[in-house]
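Below is protein.txt, which holds compact mmCIF, N, CA, C and O atoms.
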```txt
# COMPACT_ATOMS: atom_id res chain seq x y z
N MET A 147 1.96 -5.43 3.40
CA MET A 147 1.22 -6.45 2.71
C MET A 147 2.11 -7.68 2.57
O MET A 147 3.32 -7.57 2.49
N ASP A 148 1.50 -8.82 2.52
CA ASP A 148 2.24 -10.07 2.50
C ASP A 148 2.55 -10.51 1.07
O ASP A 148 1.65 -10.86 0.31
N ILE A 149 3.82 -10.45 0.71
CA ILE A 149 4.29 -10.89 -0.61
C ILE A 149 5.44 -11.87 -0.38
O ILE A 149 6.47 -11.49 0.18
N ASP A 150 5.25 -13.11 -0.78
CA ASP A 150 6.31 -14.10 -0.61
C ASP A 150 7.31 -14.07 -1.76
O ASP A 150 8.50 -13.96 -1.57
N HIS A 151 6.81 -14.19 -2.98
CA HIS A 151 7.66 -14.14 -4.15
C HIS A 151 6.81 -13.78 -5.36
O HIS A 151 5.59 -13.79 -5.31
N GLU A 152 7.45 -13.46 -6.45
CA GLU A 152 6.79 -12.86 -7.60
C GLU A 152 5.71 -13.72 -8.26
O GLU A 152 4.69 -13.22 -8.68
N LYS A 153 5.93 -15.00 -8.40
CA LYS A 153 4.98 -15.90 -9.06
C LYS A 153 4.66 -15.45 -10.49
O LYS A 153 3.56 -15.64 -10.97
N HIS A 154 5.61 -14.82 -11.16
CA HIS A 154 5.48 -14.41 -12.56
C HIS A 154 4.26 -13.51 -12.81
O HIS A 154 3.56 -13.67 -13.80
N ARG A 155 4.02 -12.58 -11.94
CA ARG A 155 2.93 -11.63 -12.13
C ARG A 155 3.49 -10.36 -12.76
O ARG A 155 4.64 -10.01 -12.58
N ASP A 156 2.63 -9.65 -13.47
CA ASP A 156 3.05 -8.41 -14.10
C ASP A 156 3.29 -7.32 -13.05
O ASP A 156 2.85 -7.43 -11.91
N TRP A 157 3.96 -6.26 -13.45
CA TRP A 157 4.37 -5.19 -12.54
C TRP A 157 3.17 -4.52 -11.86
O TRP A 157 3.18 -4.30 -10.66
N VAL A 158 2.12 -4.22 -12.64
CA VAL A 158 0.95 -3.53 -12.07
C VAL A 158 0.30 -4.40 -11.00
O VAL A 158 -0.02 -3.92 -9.91
N THR A 159 0.09 -5.67 -11.30
CA THR A 159 -0.53 -6.57 -10.32
C THR A 159 0.32 -6.66 -9.06
O THR A 159 -0.22 -6.64 -7.95
N MET A 160 1.62 -6.74 -9.20
CA MET A 160 2.50 -6.80 -8.02
C MET A 160 2.39 -5.53 -7.18
O MET A 160 2.39 -5.59 -5.95
N GLN A 161 2.31 -4.38 -7.82
CA GLN A 161 2.16 -3.13 -7.08
C GLN A 161 0.85 -3.11 -6.31
O GLN A 161 0.80 -2.67 -5.16
N LEU A 162 -0.20 -3.60 -6.94
CA LEU A 162 -1.52 -3.60 -6.30
C LEU A 162 -1.59 -4.61 -5.16
O LEU A 162 -2.32 -4.39 -4.19
N GLN A 163 -0.86 -5.69 -5.26
CA GLN A 163 -0.89 -6.70 -4.20
C GLN A 163 0.05 -6.37 -3.05
O GLN A 163 -0.08 -6.95 -1.98
N SER A 164 0.97 -5.46 -3.26
CA SER A 164 1.94 -5.16 -2.22
C SER A 164 1.60 -3.91 -1.42
O SER A 164 2.37 -3.51 -0.55
N THR A 165 0.47 -3.29 -1.70
CA THR A 165 0.12 -2.07 -0.97
C THR A 165 -1.39 -1.90 -0.92
O THR A 165 -2.14 -2.68 -1.50
N CYS A 166 -1.82 -0.90 -0.20
CA CYS A 166 -3.25 -0.58 -0.11
C CYS A 166 -3.40 0.92 0.15
O CYS A 166 -2.44 1.59 0.50
N ASN A 167 -4.59 1.40 -0.03
CA ASN A 167 -4.90 2.80 0.28
C ASN A 167 -5.51 2.88 1.66
O ASN A 167 -6.06 1.90 2.18
N ILE A 168 -5.45 4.07 2.23
CA ILE A 168 -6.15 4.38 3.48
C ILE A 168 -7.35 5.23 3.09
O ILE A 168 -7.26 6.07 2.19
N GLU A 169 -8.48 4.98 3.76
CA GLU A 169 -9.71 5.70 3.43
C GLU A 169 -9.47 7.20 3.27
O GLU A 169 -8.69 7.80 4.00
N THR A 170 -10.18 7.78 2.32
CA THR A 170 -10.08 9.21 2.07
C THR A 170 -10.99 9.97 3.03
O THR A 170 -12.14 9.61 3.23
N SER A 171 -10.44 10.99 3.65
CA SER A 171 -11.19 11.94 4.47
C SER A 171 -10.34 13.20 4.54
O SER A 171 -9.15 13.17 4.22
N LEU A 172 -10.93 14.29 4.95
CA LEU A 172 -10.15 15.52 5.07
C LEU A 172 -8.97 15.32 6.01
O LEU A 172 -7.86 15.75 5.72
N PHE A 173 -9.22 14.65 7.14
CA PHE A 173 -8.15 14.41 8.10
C PHE A 173 -7.07 13.51 7.51
O PHE A 173 -5.88 13.82 7.57
N ASN A 174 -7.47 12.35 6.95
CA ASN A 174 -6.49 11.41 6.40
C ASN A 174 -5.67 12.03 5.27
O ASN A 174 -4.47 11.81 5.17
N ASP A 175 -6.33 12.79 4.40
CA ASP A 175 -5.61 13.45 3.31
C ASP A 175 -4.59 14.44 3.86
O ASP A 175 -3.45 14.49 3.40
N TRP A 176 -4.99 15.22 4.85
CA TRP A 176 -4.09 16.20 5.45
C TRP A 176 -2.97 15.52 6.24
O TRP A 176 -1.79 15.82 6.06
N PHE A 177 -3.35 14.58 7.10
CA PHE A 177 -2.40 13.91 7.99
C PHE A 177 -1.32 13.15 7.22
O PHE A 177 -0.16 13.14 7.61
N THR A 178 -1.70 12.53 6.11
CA THR A 178 -0.75 11.73 5.33
C THR A 178 -0.14 12.51 4.18
O THR A 178 0.71 11.97 3.45
N GLY A 179 -0.57 13.73 3.96
CA GLY A 179 -0.07 14.51 2.82
C GLY A 179 -0.45 13.87 1.50
O GLY A 179 0.32 13.88 0.55
N HIS A 180 -1.64 13.31 1.44
CA HIS A 180 -2.18 12.61 0.27
C HIS A 180 -1.46 11.30 -0.03
O HIS A 180 -1.70 10.71 -1.07
N LEU A 181 -0.62 10.83 0.87
CA LEU A 181 0.03 9.54 0.65
C LEU A 181 -0.83 8.40 1.19
O LEU A 181 -0.38 7.25 1.24
N ASN A 182 -2.08 8.70 1.55
CA ASN A 182 -3.04 7.63 1.84
C ASN A 182 -3.45 6.94 0.54
O ASN A 182 -4.06 5.90 0.56
N PHE A 183 -3.05 7.51 -0.60
CA PHE A 183 -3.26 6.91 -1.91
C PHE A 183 -2.00 6.13 -2.29
O PHE A 183 -1.31 6.43 -3.27
N GLN A 184 -1.67 5.10 -1.50
CA GLN A 184 -0.44 4.34 -1.73
C GLN A 184 -0.47 3.57 -3.05
O GLN A 184 0.56 3.42 -3.69
N ILE A 185 -1.63 3.07 -3.45
CA ILE A 185 -1.73 2.35 -4.71
C ILE A 185 -1.31 3.26 -5.86
O ILE A 185 -0.46 2.91 -6.68
N GLU A 186 -1.90 4.43 -5.90
CA GLU A 186 -1.57 5.38 -6.97
C GLU A 186 -0.12 5.85 -6.86
O GLU A 186 0.56 6.04 -7.88
N HIS A 187 0.36 6.00 -5.63
CA HIS A 187 1.76 6.39 -5.43
C HIS A 187 2.72 5.33 -5.99
O HIS A 187 3.72 5.67 -6.61
N HIS A 188 2.39 4.06 -5.82
CA HIS A 188 3.26 2.99 -6.34
C HIS A 188 3.15 2.88 -7.85
O HIS A 188 4.14 2.56 -8.51
N LEU A 189 1.98 3.12 -8.40
CA LEU A 189 1.80 3.03 -9.85
C LEU A 189 2.37 4.24 -10.58
O LEU A 189 2.88 4.12 -11.69
N PHE A 190 2.27 5.41 -9.95
CA PHE A 190 2.71 6.67 -10.58
C PHE A 190 3.61 7.43 -9.60
O PHE A 190 3.23 8.49 -9.09
N PRO A 191 4.82 6.92 -9.34
CA PRO A 191 5.66 7.53 -8.30
C PRO A 191 6.10 8.96 -8.59
O PRO A 191 6.43 9.70 -7.67
N ARG A 192 6.08 9.38 -9.84
CA ARG A 192 6.52 10.75 -10.16
C ARG A 192 5.37 11.74 -10.25
O ARG A 192 5.59 12.92 -10.45
N MET A 193 4.14 11.25 -10.11
CA MET A 193 2.98 12.13 -10.16
C MET A 193 2.92 12.96 -8.88
O MET A 193 3.13 12.43 -7.79
N PRO A 194 2.64 14.26 -8.98
CA PRO A 194 2.47 15.07 -7.77
C PRO A 194 1.35 14.49 -6.91
O PRO A 194 0.27 14.15 -7.41
N ARG A 195 1.61 14.35 -5.61
CA ARG A 195 0.68 13.64 -4.73
C ARG A 195 -0.70 14.28 -4.65
O ARG A 195 -1.66 13.60 -4.34
N HIS A 196 -0.81 15.57 -4.90
CA HIS A 196 -2.13 16.21 -4.83
C HIS A 196 -3.02 15.81 -6.00
O HIS A 196 -4.20 16.17 -6.03
N ASN A 197 -2.48 15.05 -6.96
CA ASN A 197 -3.28 14.56 -8.09
C ASN A 197 -3.73 13.12 -7.93
O ASN A 197 -4.49 12.61 -8.77
N TYR A 198 -3.28 12.44 -6.90
CA TYR A 198 -3.64 11.02 -6.73
C TYR A 198 -5.15 10.81 -6.67
O TYR A 198 -5.66 9.83 -7.22
N HIS A 199 -5.86 11.71 -6.00
CA HIS A 199 -7.31 11.53 -5.89
C HIS A 199 -8.00 11.62 -7.25
O HIS A 199 -9.10 11.11 -7.42
N LEU A 200 -7.35 12.24 -8.23
CA LEU A 200 -7.93 12.36 -9.57
C LEU A 200 -7.83 11.06 -10.35
O LEU A 200 -8.72 10.73 -11.14
N VAL A 201 -6.74 10.32 -10.16
CA VAL A 201 -6.56 9.06 -10.91
C VAL A 201 -7.09 7.85 -10.16
O VAL A 201 -7.30 6.80 -10.76
N ALA A 202 -7.34 7.99 -8.86
CA ALA A 202 -7.81 6.85 -8.06
C ALA A 202 -9.07 6.20 -8.63
O ALA A 202 -9.12 4.96 -8.73
N PRO A 203 -10.10 6.96 -9.03
CA PRO A 203 -11.28 6.30 -9.60
C PRO A 203 -10.98 5.52 -10.88
O PRO A 203 -11.55 4.45 -11.12
N MET A 204 -10.06 6.02 -11.69
CA MET A 204 -9.69 5.32 -12.93
C MET A 204 -8.93 4.03 -12.62
O MET A 204 -9.17 3.00 -13.25
N VAL A 205 -8.04 4.08 -11.64
CA VAL A 205 -7.28 2.89 -11.25
C VAL A 205 -8.23 1.86 -10.66
O VAL A 205 -8.16 0.67 -10.97
N HIS A 206 -9.16 2.32 -9.82
CA HIS A 206 -10.13 1.41 -9.20
C HIS A 206 -10.99 0.73 -10.27
O HIS A 206 -11.23 -0.49 -10.22
N ALA A 207 -11.45 1.48 -11.26
CA ALA A 207 -12.26 0.93 -12.35
C ALA A 207 -11.46 -0.09 -13.16
O ALA A 207 -11.99 -1.14 -13.55
N LEU A 208 -10.19 0.20 -13.40
CA LEU A 208 -9.33 -0.73 -14.14
C LEU A 208 -9.15 -2.03 -13.36
O LEU A 208 -9.19 -3.12 -13.94
N CYS A 209 -8.99 -1.91 -12.05
CA CYS A 209 -8.86 -3.10 -11.21
C CYS A 209 -10.13 -3.94 -11.26
O CYS A 209 -10.06 -5.17 -11.38
N GLU A 210 -11.27 -3.30 -11.14
CA GLU A 210 -12.54 -4.03 -11.22
C GLU A 210 -12.69 -4.73 -12.56
O GLU A 210 -13.11 -5.89 -12.63
N LYS A 211 -12.34 -4.05 -13.62
CA LYS A 211 -12.46 -4.61 -14.98
C LYS A 211 -11.63 -5.88 -15.13
O LYS A 211 -12.05 -6.83 -15.79
N HIS A 212 -10.45 -5.91 -14.52
CA HIS A 212 -9.53 -7.03 -14.68
C HIS A 212 -9.51 -7.98 -13.48
O HIS A 212 -8.68 -8.89 -13.42
N GLY A 213 -10.41 -7.76 -12.52
CA GLY A 213 -10.50 -8.65 -11.37
C GLY A 213 -9.30 -8.61 -10.44
O GLY A 213 -8.96 -9.61 -9.81
N ILE A 214 -8.67 -7.45 -10.33
CA ILE A 214 -7.52 -7.28 -9.45
C ILE A 214 -8.00 -6.56 -8.18
O ILE A 214 -8.64 -5.53 -8.27
N PRO A 215 -7.71 -7.12 -7.00
CA PRO A 215 -8.15 -6.47 -5.76
C PRO A 215 -7.57 -5.07 -5.59
O PRO A 215 -6.38 -4.85 -5.84
N TYR A 216 -8.41 -4.13 -5.19
CA TYR A 216 -8.02 -2.75 -4.90
C TYR A 216 -8.38 -2.55 -3.43
O TYR A 216 -9.54 -2.37 -3.09
N GLN A 217 -7.36 -2.62 -2.57
CA GLN A 217 -7.61 -2.63 -1.13
C GLN A 217 -7.59 -1.23 -0.53
O GLN A 217 -6.66 -0.47 -0.75
N VAL A 218 -8.62 -0.96 0.25
CA VAL A 218 -8.73 0.30 0.99
C VAL A 218 -9.01 -0.06 2.45
O VAL A 218 -9.92 -0.84 2.73
N LYS A 219 -8.21 0.48 3.35
CA LYS A 219 -8.35 0.19 4.78
C LYS A 219 -8.61 1.46 5.56
O LYS A 219 -8.34 2.56 5.08
N THR A 220 -9.08 1.29 6.77
CA THR A 220 -9.20 2.43 7.68
C THR A 220 -7.80 2.81 8.14
O THR A 220 -6.85 2.00 8.05
N MET A 221 -7.65 4.00 8.65
CA MET A 221 -6.35 4.44 9.17
C MET A 221 -5.91 3.51 10.30
O MET A 221 -4.75 3.09 10.36
N TRP A 222 -6.84 3.15 11.18
CA TRP A 222 -6.52 2.27 12.30
C TRP A 222 -6.02 0.92 11.82
O TRP A 222 -4.99 0.43 12.27
N ARG A 223 -6.74 0.29 10.88
CA ARG A 223 -6.35 -1.02 10.35
C ARG A 223 -4.97 -0.93 9.67
O ARG A 223 -4.13 -1.83 9.83
N GLY A 224 -4.73 0.14 8.94
CA GLY A 224 -3.43 0.33 8.29
C GLY A 224 -2.30 0.43 9.30
O GLY A 224 -1.24 -0.17 9.13
N LEU A 225 -2.51 1.19 10.37
CA LEU A 225 -1.48 1.34 11.41
C LEU A 225 -1.21 0.01 12.12
O LEU A 225 -0.06 -0.35 12.35
N VAL A 226 -2.28 -0.72 12.44
CA VAL A 226 -2.12 -2.02 13.09
C VAL A 226 -1.35 -2.97 12.18
O VAL A 226 -0.44 -3.69 12.62
N ASP A 227 -1.67 -2.97 10.89
CA ASP A 227 -0.96 -3.84 9.93
C ASP A 227 0.52 -3.50 9.83
O ASP A 227 1.37 -4.38 9.76
N VAL A 228 0.84 -2.21 9.83
CA VAL A 228 2.24 -1.78 9.75
C VAL A 228 2.99 -2.21 11.01
O VAL A 228 4.10 -2.75 10.93
N ILE A 229 2.40 -2.00 12.17
CA ILE A 229 3.05 -2.39 13.43
C ILE A 229 3.26 -3.90 13.48
O ILE A 229 4.33 -4.38 13.86
N ARG A 230 2.26 -4.66 13.05
CA ARG A 230 2.38 -6.13 13.02
C ARG A 230 3.51 -6.55 12.05
O ARG A 230 4.31 -7.43 12.36
N SER A 231 3.58 -5.89 10.91
CA SER A 231 4.63 -6.22 9.93
C SER A 231 6.02 -5.89 10.48
O SER A 231 6.97 -6.66 10.27
N LEU A 232 6.14 -4.75 11.16
CA LEU A 232 7.42 -4.39 11.76
C LEU A 232 7.84 -5.39 12.84
O LEU A 232 9.02 -5.75 12.94
N LYS A 233 6.88 -5.85 13.63
CA LYS A 233 7.18 -6.87 14.64
C LYS A 233 7.65 -8.16 14.00
O LYS A 233 8.63 -8.76 14.43
N THR A 234 6.96 -8.59 12.95
CA THR A 234 7.36 -9.81 12.24
C THR A 234 8.77 -9.67 11.67
O THR A 234 9.59 -10.57 11.82
N SER A 235 9.05 -8.53 11.05
CA SER A 235 10.40 -8.29 10.50
C SER A 235 11.45 -8.28 11.61
O SER A 235 12.54 -8.84 11.45
N GLY A 236 11.12 -7.63 12.71
CA GLY A 236 12.05 -7.59 13.84
C GLY A 236 12.32 -8.97 14.41
O GLY A 236 13.46 -9.32 14.74
N ASP A 237 11.27 -9.79 14.53
CA ASP A 237 11.44 -11.16 15.02
C ASP A 237 12.32 -11.98 14.07
O ASP A 237 13.17 -12.75 14.52
N LEU A 238 12.12 -11.81 12.76
CA LEU A 238 12.96 -12.51 11.79
C LEU A 238 14.41 -12.09 11.92
O LEU A 238 15.33 -12.91 11.83
N TRP A 239 14.65 -10.80 12.13
CA TRP A 239 16.00 -10.30 12.30
C TRP A 239 16.65 -10.89 13.55
O TRP A 239 17.79 -11.34 13.51
N LEU A 240 15.88 -10.90 14.64
CA LEU A 240 16.42 -11.47 15.88
C LEU A 240 16.78 -12.93 15.70
O LEU A 240 17.84 -13.37 16.15
N ASP A 241 15.92 -13.69 15.04
CA ASP A 241 16.20 -15.10 14.79
C ASP A 241 17.44 -15.28 13.93
O ASP A 241 18.25 -16.18 14.16
N ALA A 242 17.59 -14.44 12.92
CA ALA A 242 18.70 -14.59 11.98
C ALA A 242 20.04 -14.14 12.58
O ALA A 242 21.06 -14.76 12.31
N TYR A 243 20.03 -13.07 13.36
CA TYR A 243 21.29 -12.48 13.79
C TYR A 243 21.63 -12.68 15.27
O TYR A 243 22.78 -12.56 15.65
N LEU A 244 20.64 -12.94 16.08
CA LEU A 244 20.94 -13.13 17.50
C LEU A 244 20.73 -14.58 17.94
O LEU A 244 20.92 -14.91 19.10
N HIS A 245 20.34 -15.43 17.01
CA HIS A 245 20.18 -16.86 17.26
C HIS A 245 19.42 -17.12 18.55
O HIS A 245 19.94 -17.74 19.47
N LYS A 246 18.21 -16.65 18.61
CA LYS A 246 17.37 -16.82 19.81
C LYS A 246 17.42 -18.22 20.35
O LYS A 246 17.27 -19.19 19.73
```

Would you mind giving the structure from this file in structure tokens?
Amino acid sequence: MDIDHEKHRDWVTMQLQSTCNIETSLFNDWFTGHLNFQIEHHLFPRMPRHNYHLVAPMVHALCEKHGIPYQVKTMWRGLVDVIRSLKTSGDLWLDAYLHK
């Protein structure tokens, strides 16, 4: 996710803006080990991951109440975003250290 700088936002809002969830399905839950609930993982890092699906509806409702975006993507969109982010980071590294 694209985060430039803090802009004096609270911790919860920053966590929600810096990550997203991947759609829930039997396959996605199994394949990711329930870490498709990245929002809940960032908010409750010590919670056992098999409980994330229990708090997700409460977190989503809280976000709606306060007008904070709660992003959920498909597995494909999430993978494409990660690869694009890695390429951007790699390009920045090359520019900084290899003086293209």

* Asked: So what do you get for atom CA of Ala207 of chain A versus atom CA of Val158 of chain A, distance-wise?
  ->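 Taking atom CA of Ala207 of chain A as the start and atom CA of Val158 of chain A as the end point, the length is 13.9 Å.
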
* Fewer than 4 positions away in the same chain doesn't count, so skip those; otherwise give me all residues within 8 Å of Trp222 of chain A, counting only N, CA, C and O atoms, as a PyMOL selection string. => chain A and resi 168-169+226-229

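In terms of minimum interatomic distance to Val201 of chain A, A:Glu186 ranks closest within A:Asp237, A:Pro215, A:Cys166, A:Glu186, counting only N, CA, C and O atoms.
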
* Could you pull out the alpha helix (DSSP H) residues of chain A from DSSP and send them as a PyMOL selection string? -> chain A and resi 157-163+172-178+184-189+198-212+221-243

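Shortest separation to His196 of chain A among A:Leu232, A:Leu181, A:Cys209, A:Met221 occurs at residue A:Leu181, atoms counted being all atoms listed in the file.
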
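Atom O of Tyr216 of chain A is positioned 10.7 Å from atom O of Pro203 of chain A.
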
* Asked: Leaving out Gly179 of chain A and any residue of its chain fewer than 4 positions from it, which residues lie within 8 Å of it when counting only N, CA, C and O atoms, given as a ChimeraX atom specification?
  -> /A:172-175,183,194-196

I need the residues from that last selection saved to file as a short mmCIF file (atom, residue, chain, number, x, y, z; two decimals), keeping the file's coordinate frame (with N, CA, C and O atoms), if you can.
```
data_model
loop_
_atom_site.label_atom_id
_atom_site.label_comp_id
_atom_site.auth_asym_id
_atom_site.auth_seq_id
_atom_site.Cartn_x
_atom_site.Cartn_y
_atom_site.Cartn_z
N LEU A 172 -10.93 14.29 4.95
CA LEU A 172 -10.15 15.52 5.07
C LEU A 172 -8.97 15.32 6.01
O LEU A 172 -7.86 15.75 5.72
N PHE A 173 -9.22 14.65 7.14
CA PHE A 173 -8.15 14.41 8.10
C PHE A 173 -7.07 13.51 7.51
O PHE A 173 -5.88 13.82 7.57
N ASN A 174 -7.47 12.35 6.95
CA ASN A 174 -6.49 11.41 6.40
C ASN A 174 -5.67 12.03 5.27
O ASN A 174 -4.47 11.81 5.17
N ASP A 175 -6.33 12.79 4.40
CA ASP A 175 -5.61 13.45 3.31
C ASP A 175 -4.59 14.44 3.86
O ASP A 175 -3.45 14.49 3.40
N PHE A 183 -3.05 7.51 -0.60
CA PHE A 183 -3.26 6.91 -1.91
C PHE A 183 -2.00 6.13 -2.29
O PHE A 183 -1.31 6.43 -3.27
N PRO A 194 2.64 14.26 -8.98
CA PRO A 194 2.47 15.07 -7.77
C PRO A 194 1.35 14.49 -6.91
O PRO A 194 0.27 14.15 -7.41
N ARG A 195 1.61 14.35 -5.61
CA ARG A 195 0.68 13.64 -4.73
C ARG A 195 -0.70 14.28 -4.65
O ARG A 195 -1.66 13.60 -4.34
N HIS A 196 -0.81 15.57 -4.90
CA HIS A 196 -2.13 16.21 -4.83
C HIS A 196 -3.02 15.81 -6.00
O HIS A 196 -4.20 16.17 -6.03
#
```

* Could you tell me how far atom O of Thr159 of chain A lies from atom C of Val218 of chain A, in Å and to one decimal? =>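 Between atom O of Thr159 of chain A and atom C of Val218 of chain A the gap is 15.1 Å.
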
* Asked: Given the choices A:Trp239, A:Ser171, A:Thr178, A:Ile185, which gets closest to Ala202 of chain A if the distance is worked out from only N, CA, C and O atoms?
  ->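 Among A:Trp239, A:Ser171, A:Thr178, A:Ile185, it is A:Ile185 that comes nearest to Ala202 of chain A.
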
Please put the answer as JSON: centre and edge lengths, in Å with one decimal, of a box along x, y and z that encloses all listed atoms of segment 163-167 of chain A plus 5 Å on each side.
```
{"center_x": -1.8, "center_y": -2.0, "center_z": -1.5, "size_x": 18.4, "size_y": 19.8, "size_z": 17.4}
```

* Among the residues A:Asn167, A:Thr220, A:Ser235, A:Asn182, the one that comes closest to His206 of chain A [using only C-alpha atoms] ->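 Of the candidates, the smallest distance to His206 of chain A is held by A:Asn167.
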
* From a DSSP pass on the backbone, collect the residues of chain A flagged as strand (DSSP E or B) and hand them back as an MDAnalysis selection string. => chainID A and resid 167:168 218:219
